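K.L.:
Sharing a structure with you now.
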Amino acid sequence: MLSYRLVRYFLAVVDAGKISGAAKVLNVSQSAITLAIRELEEELGVQLLDRARTGVSLTRRGQIFHQHALDIDAAFARAASSVKDESEIRGEVRLGVTETLSSYFLFPKLTSFMKKYPNVSVSVEEHERERLEEMLIEGRLDLALLLTSNIARIASIKTRTFHRSRRRLWVAPGHPLTRTGRVTFDDIARFPYAFLTVDEAHRQAEKYWSENGAQPNVAFRSAAVEAVRSLVSTGEAVTILSDVFYRPWTLDGRRVEKIDVDGKIPTMNVGIAWLREKQPTPSMVALKQAFAT
């Protein structure tokens with residue numbers, strides 16, 4: 001029978017990318033995770049995960065089920081919070097955030113949360129991911145909003161991914177790549193490329209370029225998304241970036257289009273992190289749920 005436990009174990013495996021990583025996050029044995037995934041696949045009658053020595057990845061049917069599993073998880077969180085009196089939740093949450101997420105993700109969610117929970121005070125600090133991990137471990141932060149796929153200290157830090165953003169090719173209107181039916185990494189490598197360096201974006205890009213057997217023709221590097229967007233809009237360069245950053249217009253009104261790429265590109269995973277050994281307070285739980293919905 002399909003249960004929330006099976007859904008939760010499945011989501012943990014997808015987030016971690018490995019059975020062993022999910023076992024650490026859930027504090028259960030690897031065999032328990034393996035049996036749960038097998039039970040879930042047998043219950044659904046489809047294969048959800050491709051297994052390899054380096055980890056697991058979603059099958060096409062697994063990708064479809066994953067979206068519904070996220071909805072189930074969010075609905076369960078809403079059901080749990082619906083029986084609580086929000087006026088009774090009070091306290092302080094020290095929240096850390098990386099630069100890109102403070103610019104493109106944080107404040108709409110945070111503003112809505114503060115209206116709903118007027119007795120919860122949230123202080124925000126912006127740092128690089130490495131520093132946020134240190135501050136969580138040192139007890140100087142309660143939660144951190146960051147890219148969960150970049151977490152290094154997984155043994156000490158728990159995460160919950162609540163948004164997976166696709167990465168696509170950005171080009172100017174009329175660019176030659178807009179006229180091809182199928183864009184590959186080799187196609188992209190023929191044109192000048194703009195490299196975004198903020199929040200470890202360049203490290204992820206270097207990795208997936210290498211995994212697709214190609215090298216970008218890097219003509220520009222910048223930590224500013226708007227600088228990269230502006231250069232792309234002139235037709236002087238192209239880039240691959242997450243949909244989180246995508247806006248069709250530059251600050252001076254030029255247009256940018258996005259195109260799917262034929263290749264393996266990981267999603268940009270946005271989520272919340274906290275110290276594994278720290279017992280979450282009601283205000284921390286409420287803020288985590290606010291970001292997840």
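Chain labels A, B, ... are given in the sequence in which chains occur in the structure tokens; within each chain residues are numbered consecutively from 1, and ligands are likewise numbered from 1 in the order shown.
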Please extract the residues of segment 91-259 of chain A with a backbone DSSP assignment of helix (DSSP H, G or I) and present them as JSON, numbers by chain.
P.N.:
{"A": [99, 100, 101, 102, 103, 104, 106, 107, 108, 109, 110, 111, 112, 113, 114, 115, 116, 129, 130, 131, 132, 133, 134, 135, 136, 137, 138, 148, 149, 150, 176, 177, 178, 179, 185, 186, 187, 188, 198, 199, 200, 201, 202, 203, 204, 205, 206, 207, 208, 209, 210, 211, 225, 226, 227, 228, 229, 230, 231, 232, 233]}
K.L.:
What does the structure give for the distance between atom CA of Gly45 of chain A and atom CA of Val25 of chain A, in Å to one decimal?
P.N.:
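Computed distance, atom CA of Gly45 of chain A to atom CA of Val25 of chain A, equals 26.7 Å.
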K.L.:
Rank A:Ala32, A:Ala12, A:Ala286, A:Ala144 by their smallest atom-to-atom distance to Val56 of chain A, using only C-alpha atoms, and report the top residue only.
P.N.:
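When distances to Val56 of chain A are compared using only C-alpha atoms, the smallest one comes from A:Ala12.
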K.L.:
Compile a residue-level contact table for segment 62-179 of chain A against segment 246-253 of chain A at a cut-off of 12 Å, reporting for every qualifying residue the shortest atom pair and its distance in Å to one decimal, with only C-alpha atoms counted, rows ordered by chain and ascending number, as JSON lines.
P.N.:
```
{"residue": "A:Tyr104", "atom": "CA", "partner": "A:Tyr246", "partner_atom": "CA", "distance": 9.7}
{"residue": "A:Ser165", "atom": "CA", "partner": "A:Tyr246", "partner_atom": "CA", "distance": 10.4}
{"residue": "A:Arg166", "atom": "CA", "partner": "A:Tyr246", "partner_atom": "CA", "distance": 10.4}
{"residue": "A:Arg167", "atom": "CA", "partner": "A:Tyr246", "partner_atom": "CA", "distance": 9.6}
{"residue": "A:Arg168", "atom": "CA", "partner": "A:Tyr246", "partner_atom": "CA", "distance": 9.3}
{"residue": "A:Leu169", "atom": "CA", "partner": "A:Tyr246", "partner_atom": "CA", "distance": 10.3}
{"residue": "A:Trp170", "atom": "CA", "partner": "A:Tyr246", "partner_atom": "CA", "distance": 8.5}
{"residue": "A:Val171", "atom": "CA", "partner": "A:Pro248", "partner_atom": "CA", "distance": 10.3}
{"residue": "A:Ala172", "atom": "CA", "partner": "A:Pro248", "partner_atom": "CA", "distance": 9.9}
{"residue": "A:Pro173", "atom": "CA", "partner": "A:Pro248", "partner_atom": "CA", "distance": 10.4}
```
K.L.:
Excluding Val14 of chain A and its own-chain neighbours fewer than 4 positions away, which residues fall within 9 Å of it when counting only C-alpha atoms? Please give them as a list of chain:residue names.
P.N.:
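Contacts, in chain order: A:Tyr9, A:Phe10, A:Lys18, A:Ile19, A:Ala22, A:Leu49, A:Val56, A:Ser57, A:Leu58, A:His66.
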K.L.:
Taking into account only C-alpha atoms, which residue in the set A:Thr161, A:Thr111, A:Thr267, A:Gln47 is nearest to Asp243 of chain A?
P.N.:
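That would be A:Thr267, the residue with the smallest distance to Asp243 of chain A.
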K.L.:
Which residue, A:Gln30, A:Asp260, A:Arg229, A:Leu132, has the smallest gap to Arg182 of chain A when you use only C-alpha atoms?
P.N.:
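Of A:Gln30, A:Asp260, A:Arg229, A:Leu132, the one nearest Arg182 of chain A, counting only C-alpha atoms, is A:Asp260.
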K.L.:
When you look at Asp199 of chain A with a cut-off of 10 Å (counting only C-alpha atoms), what residues show up, excluding the ones that are within fewer than 6 positions of it in the same chain? I need them as JSON, numbers by chain.
P.N.:
{"A": [98, 99, 100, 101, 127, 128, 129, 130, 146, 147, 150, 223]}
K.L.:
Given only C-alpha atoms as the basis, pick out the residue of A:Arg53, A:Arg221, A:Leu143, A:Lys207 nearest to Thr159 of chain A.
P.N.:
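Of all the options, A:Leu143 lies closest to Thr159 of chain A.
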K.L.:
Quick one: distance from atom CA of Asp187 of chain A to atom CA of Ser242 of chain A in Å, one decimal?
P.N.:
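Answer for the atom CA of Asp187 of chain A to atom CA of Ser242 of chain A separation: 19.3 Å.
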K.L.:
For Ala205 of chain A, find every residue with an atom within 12 Å (counting only C-alpha atoms), except residues of its own chain fewer than 2 positions away, and show them as a PyMOL selection string.
P.N.:
chain A and resi 167-169+185+193-203+207-212+214-216+218+239-242+264-268
K.L.:
Would you work out the distance separating atom CA of Arg8 of chain A from atom CA of Leu44 of chain A, expressed in Å to one decimal?
P.N.:
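Pair atom CA of Arg8 of chain A / atom CA of Leu44 of chain A returns 15.3 Å.
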K.L.:
So that I can check the surroundings of Val122 of chain A, please list as a list of chain:residue names every protein, DNA and RNA residue that reaches within 8 Å of it, counting only C-alpha atoms and ignoring chain neighbours fewer than 3 positions away.
P.N.:
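After dropping sequence-adjacent residues, the list is A:Glu92, A:Val93, A:Arg94, A:Leu95.
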K.L.:
The selected residues should be written to file as a short mmCIF file (atom, residue, chain, number, x, y, z; two decimals), in the first residue's frame (atoms: N, CA and C atoms).
P.N.:
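The result, stored in part_0.cif:
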```
data_model
loop_
_atom_site.label_atom_id
_atom_site.label_comp_id
_atom_site.auth_asym_id
_atom_site.auth_seq_id
_atom_site.Cartn_x
_atom_site.Cartn_y
_atom_site.Cartn_z
N GLU A 92 12.36 33.36 17.74
CA GLU A 92 13.29 34.00 16.81
C GLU A 92 13.96 32.94 15.95
N VAL A 93 14.11 33.24 14.68
CA VAL A 93 14.82 32.34 13.76
C VAL A 93 15.95 33.12 13.12
N ARG A 94 17.15 32.58 13.22
CA ARG A 94 18.33 33.19 12.57
C ARG A 94 18.52 32.48 11.24
N LEU A 95 18.28 33.21 10.16
CA LEU A 95 18.27 32.62 8.82
C LEU A 95 19.46 33.12 8.01
#
```
